[in-house]
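Colleague: First, the structure itself, so that you have it in front of you.
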Amino acid sequence: MQHVRFLHKTGLVMLLIGMISAALLVAAPAPASAQQKTIKYGTMHPLTGAYAVLGQDQMRATQMAVDEWNAKGGVLGHKIVWIYRDDELKGNVAIRRAKELVEEEKCDFIGGTLSGSISLAINEFACKTKTPYVAYCMSDMVLGSDQCEYGAAFMVIPYSAALAVSKYAFENVGKKWFSITADYRWGHSLLEGWMWQSEQMGGQHLGNVYVPLGTTDFSTYFAKILAAKPDFIVMNNLGADQTAAIKQASELGLTKNMKIFCTKTAQHTIKELGSAYNENVIGGMSFYWKLRDKYPGAKKFVDKFMEKYGAPPEQDGECGYVATNLLFMAIEKAGTVSDKKKIMDTMADLKYTLTKGQEYVRGCDQQRIQSYVLVKGKGAKAKGWDLADIVAEIPGDSIVMSCEDNAKKLPFVNIKLPK
Amino acid sequence: MFEIPWNVIAMQFFFGIALGCIFVLLSSGMSIIFGLLDVVNFAHGTFAMLGAYAVFVVVSLTGNFFIGLVSAVIIVGIIGMFVEFILLKPLYGKDPLLPLLLTFGLSVAIPDLIKIIFGLIGKPVNYPEALSGIIALGPVIIPGYRLFIILFTLVAIISLWLFLKKSDLGMIIRASTRDSLMVQTLGINVSRIWTIGFAIGVGLAALAGAIAAPMMSATPDMGVDMTMTAFVVTVVGGLGSLGGAIVGGLLIGLVVAFTAFIAGEYSSVSMYFCMALILLLRPRGLFGEQGRE
């Protein structure tokens, strides 16, 4: 009887082992050959902090581009795995995130960031690790010794934005100008662009105030500006700083009788400002959603983005969309996912039409050559997202220096910034 | 280089006072809370931010900025009462670090909640039409809204002073600030006084946020800088002193304004230099009591 019980128990144990083995076999991964191959793309965006709205836009547009590529089967038969991180708009955090993405997550390619200063550090890291990096922000990484064959800049670079806006201002408004400049590298680069253009076009720079990031009261600067009596004021700042500056200029009645030029502005800044961003405030952008009326690619992109997220894309989102697309287009054209040098070389020769007219990535310094748009606020007449009208689109080729000059940071390296 | 005429200096002084008035409202609230509860309110700027959003919502609904200002104080004051009653009260008498950590947590959580409700884009609050123009006093140009800020703060601070000095409740609050145990032995429910005091403190913060909103828009993260400014002004004026908050606020406003005028890039850091200097010379702040440095 005991023998029978023993056999019965043994049988049950064997049955259990058999079932577990079968389950494990079912759950076991398929042979490698049957699995879809993947490539990993990691991006960083400021998803918290003052520029979170722009970081979110970058992230959404990147997701849209990745989804589109995956919907058509990925790139060279590889499914794209996209990972993103919050860089908090802090240099040290961004570097940590870049290392996480490359060393821990084993990303093959990295992209993103909103700050020019951060992009310089990420570019350096990308060069050391030979990881292709597509920057989404206004960055000086294509100039001088910061140039690197593994880094490409997809937003208009700072001096180009300054050249585009200043040319329009000197031709259409006047010669005497006063500037408010954010006191960090990006602001200084914009100011260099303005000062060089001013020299070329007979402008008269009446003065500049450097303003710390996060300043909330600008009225204390306006007394100085009023005393200088300029034809127009230049704002080399962004985000909450620009919002506060224009609000307070409007409070002083400056936006009623004086032009204000924002070298870079943003759609959400115009929305936040409401009636204060009127027809006397002119801002620069690399993309404004109303370009959909001019370019079929812009219409397709804007409509899809709006359908998905309920608001038109910012220039930062558009830049992320183009950079992500260009990376995968380069991989596809190069015919390799592993030869990163070849991929970057291929990207450097690419001509494409995506969200604006035909554009290209300039091979010698790996920057996207694109137009810069100037918009004029609609003030109290703004409705929904109809916040501004496009007044000019400055062609990309007219606002970049030659590769030889860029390699030596000419002519801006010779500009002496005011103290 | 151009010369700076006297009228520009006068304007700068005026802007400094107007800026200082916002600091006065902000730090008076922090001072009352610290004086009464011994709580360092890390979420003070966050309540100011709530004030800015409250004025945005009420102005959107009613179209009246002045109703918005009053509503902001009431709405945020009520929120403050709940926060004190439900979250802070259980921590009294325990480790002083706990209320500090709690308010720090609120300063992180509440802006995230605001982002979920209102989105990441800031909300514009327009100047009331009657205050949107400029007033020219000879060659001195004064924005109407800044003049309103100064006059409004004057009225608000005098009302607060009268309330604390002349009303029964105000006197009980002041007595509780001095010796809450003694007040309790007189049969007064001190716990309720703490709740009311906290509500008044955050209500003043809300007023500062609401009045500042037309100058900069209401944004979820605007509280961070406001908390820092409130700390600086409160420390300069003396912890727990209403008079200190007034003098400290105006002083810091003028320091920031004139630094912006002379060397703009140092305007933000100037208030910290000023604080360091005052702490070196007088560790308890300008009007602080001994033992509270």
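Labels for the structure tokens follow display order: chains A, B, ..., residues from 1 in each chain, ligands from 1.
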Extract, using only C-alpha atoms, all DNA, RNA and protein residues at most 12 Å from B:Lys89, discarding same-chain residues fewer than 3 positions from it, and format them as a PyMOL selection string.
Modeller: chain B and resi 37+39+80-86+92-94+98-99+102+190-195+198
Colleague: Which neighbours of A:Gln366 fall inside 9 Å, counting only C-alpha atoms, when residues of the same chain fewer than 5 positions from it are skipped, and could you give them as a PyMOL selection string?
Modeller: chain A and resi 142+147-154+344+347-349+361
Colleague: Up to 6 Å from chain B, what residues of chain A turn up? Count only C-alpha atoms and give them as a list of chain:residue names.
Modeller: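 That gives the following set of residues: A:Val53, A:Val209, A:Tyr210, A:Val211, A:Pro212, A:Thr220, A:Ala223, A:Ala244, A:Lys247, A:Gln248, A:Leu252, A:Glu272, A:Leu273.
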Colleague: Using backbone DSSP assignments, extract all strand (DSSP E or B) residues from stretch 44-269 of chain B; output them as a count of residues only.
Modeller: 10
Colleague: For B:Ile211, which residue among B:Leu151, B:Ile158, B:Leu88, B:Ile78 is the nearest when counting only C-alpha atoms?
Modeller: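 Among the listed residues, the smallest separation from B:Ile211 belongs to B:Leu151.
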Colleague: Could you name the residues that touch stretch 399-409 of chain A at 12 Å or less, counting only C-alpha atoms, but leaving out those on the same chain fewer than 6 positions away, as a ChimeraX atom specification?
Modeller: /A:140-148,156-168,189,192-194,197,362-373,393,415
Colleague: Near A:Gly320, counting only C-alpha atoms, which residues have an atom at most 6 Å away, once you skip same-chain residues fewer than 5 positions from it, shown as a PyMOL selection string?
Modeller: chain A and resi 58+61-62+136
Colleague: Neighbours of stretch 130-135 of chain A within 10 Å (only C-alpha atoms; same-chain residues fewer than 4 positions away dropped), as a ChimeraX atom specification?
Modeller: /A:41-44,102,107-116,118-120,122-126,139,141,148-155,319-320,322-324,326-327,340-341,343-344,366-367
Colleague: Quick check, in Å to one decimal: how far apart do atom CA of B:Val232 and atom CA of A:Thr216 lie?
Modeller: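 Separation between atom CA of B:Val232 and atom CA of A:Thr216: 16.0 Å.
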Colleague: Using only C-alpha atoms, can you tell me which of A:Met64, A:Leu374, A:Ala98, A:Val281 comes closest to A:Met306?
Modeller: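 Among the listed residues, A:Met64 lies closest to A:Met306.
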Colleague: Enumerate, as a VMD selection string, the complete set of residues in stretch 150-393 of chain A that a backbone-based DSSP assignment places in helix (DSSP H, G or I).
Modeller: chain A and resid 158 to 172 185 to 201 219 to 228 239 to 251 254 to 257 267 to 276 289 to 293 296 to 309 315 to 334 340 to 347 379 to 381
Colleague: Write out as JSON, numbers by chain which residues come within 9 Å of A:Trp385 when counting only C-alpha atoms, dropping same-chain ones fewer than 6 positions away.
Modeller: {"A": [267, 271, 311, 312]}
Colleague: For the residues selected in the previous step, produce a file with C-alpha atoms as a compact mmCIF listing (two decimals), in the first residue's frame.
Modeller:
# COMPACT_ATOMS: atom_id res chain seq x y z
CA GLN A 267 4.32 79.88 -29.69
CA LYS A 271 -0.16 82.57 -26.01
CA ALA A 311 -2.20 71.77 -30.23
CA PRO A 312 0.13 72.75 -33.07
Colleague: Between B:Ser241, B:Asn64, B:Thr46, B:Ser28, which one has atoms that come closest to B:Gly201, using only C-alpha atoms?
Modeller: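 With only C-alpha atoms as the atom set, the closest residue is B:Ser28.
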Colleague: What's around B:Ile172 at 9 Å? Count only C-alpha atoms, leave out sequence neighbours fewer than 3 positions away in its own chain, and write the answer as number ranges by chain.
Modeller: B: 164, 167-169, 175-177, 183, 188, 190, 193
Colleague: Could the residues in this selection be written to a file with N, CA and C atoms, as a PDB file, in the first residue's frame?
Modeller:
ATOM      1  N   LEU B 164      -4.440  93.233  13.615  1.00  0.00           N
ATOM      2  CA  LEU B 164      -3.606  92.596  14.641  1.00  0.00           C
ATOM      3  C   LEU B 164      -3.568  93.422  15.934  1.00  0.00           C
ATOM      4  N   SER B 167      -8.231  94.437  16.841  1.00  0.00           N
ATOM      5  CA  SER B 167      -9.325  93.461  16.980  1.00  0.00           C
ATOM      6  C   SER B 167      -8.995  92.435  18.060  1.00  0.00           C
ATOM      7  N   ASP B 168     -10.032  91.817  18.625  1.00  0.00           N
ATOM      8  CA  ASP B 168      -9.836  90.795  19.660  1.00  0.00           C
ATOM      9  C   ASP B 168      -9.026  89.626  19.102  1.00  0.00           C
ATOM     10  N   LEU B 169      -9.459  89.185  17.920  1.00  0.00           N
ATOM     11  CA  LEU B 169      -8.779  88.039  17.309  1.00  0.00           C
ATOM     12  C   LEU B 169      -7.310  88.356  17.041  1.00  0.00           C
ATOM     13  N   ALA B 175      -0.836  87.515  20.999  1.00  0.00           N
ATOM     14  CA  ALA B 175      -0.523  86.899  22.291  1.00  0.00           C
ATOM     15  C   ALA B 175      -0.039  85.467  22.090  1.00  0.00           C
ATOM     16  N   SER B 176      -0.677  84.753  21.155  1.00  0.00           N
ATOM     17  CA  SER B 176      -0.264  83.368  20.882  1.00  0.00           C
ATOM     18  C   SER B 176       1.144  83.320  20.323  1.00  0.00           C
ATOM     19  N   THR B 177       1.507  84.351  19.555  1.00  0.00           N
ATOM     20  CA  THR B 177       2.858  84.416  19.006  1.00  0.00           C
ATOM     21  C   THR B 177       3.869  84.520  20.153  1.00  0.00           C
ATOM     22  N   VAL B 183      -1.929  81.677  26.637  1.00  0.00           N
ATOM     23  CA  VAL B 183      -3.218  81.946  25.979  1.00  0.00           C
ATOM     24  C   VAL B 183      -4.153  80.759  26.182  1.00  0.00           C
ATOM     25  N   ILE B 188      -8.602  79.875  25.807  1.00  0.00           N
ATOM     26  CA  ILE B 188      -8.762  80.142  24.361  1.00  0.00           C
ATOM     27  C   ILE B 188      -8.244  78.933  23.579  1.00  0.00           C
ATOM     28  N   VAL B 190      -6.253  77.617  21.255  1.00  0.00           N
ATOM     29  CA  VAL B 190      -5.083  78.073  20.491  1.00  0.00           C
ATOM     30  C   VAL B 190      -4.966  77.340  19.159  1.00  0.00           C
ATOM     31  N   ILE B 193      -6.618  79.182  16.622  1.00  0.00           N
ATOM     32  CA  ILE B 193      -5.864  80.406  16.297  1.00  0.00           C
ATOM     33  C   ILE B 193      -4.735  80.081  15.319  1.00  0.00           C
TER      34      ILE B 193
END
Colleague: Compare B:Val255, B:Leu25, B:Val202, B:Ala52 by their minimum atom-to-atom distance to B:Thr234, counting only C-alpha atoms, and give me the closest one.
Modeller: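 Nearest to B:Thr234: B:Leu25.
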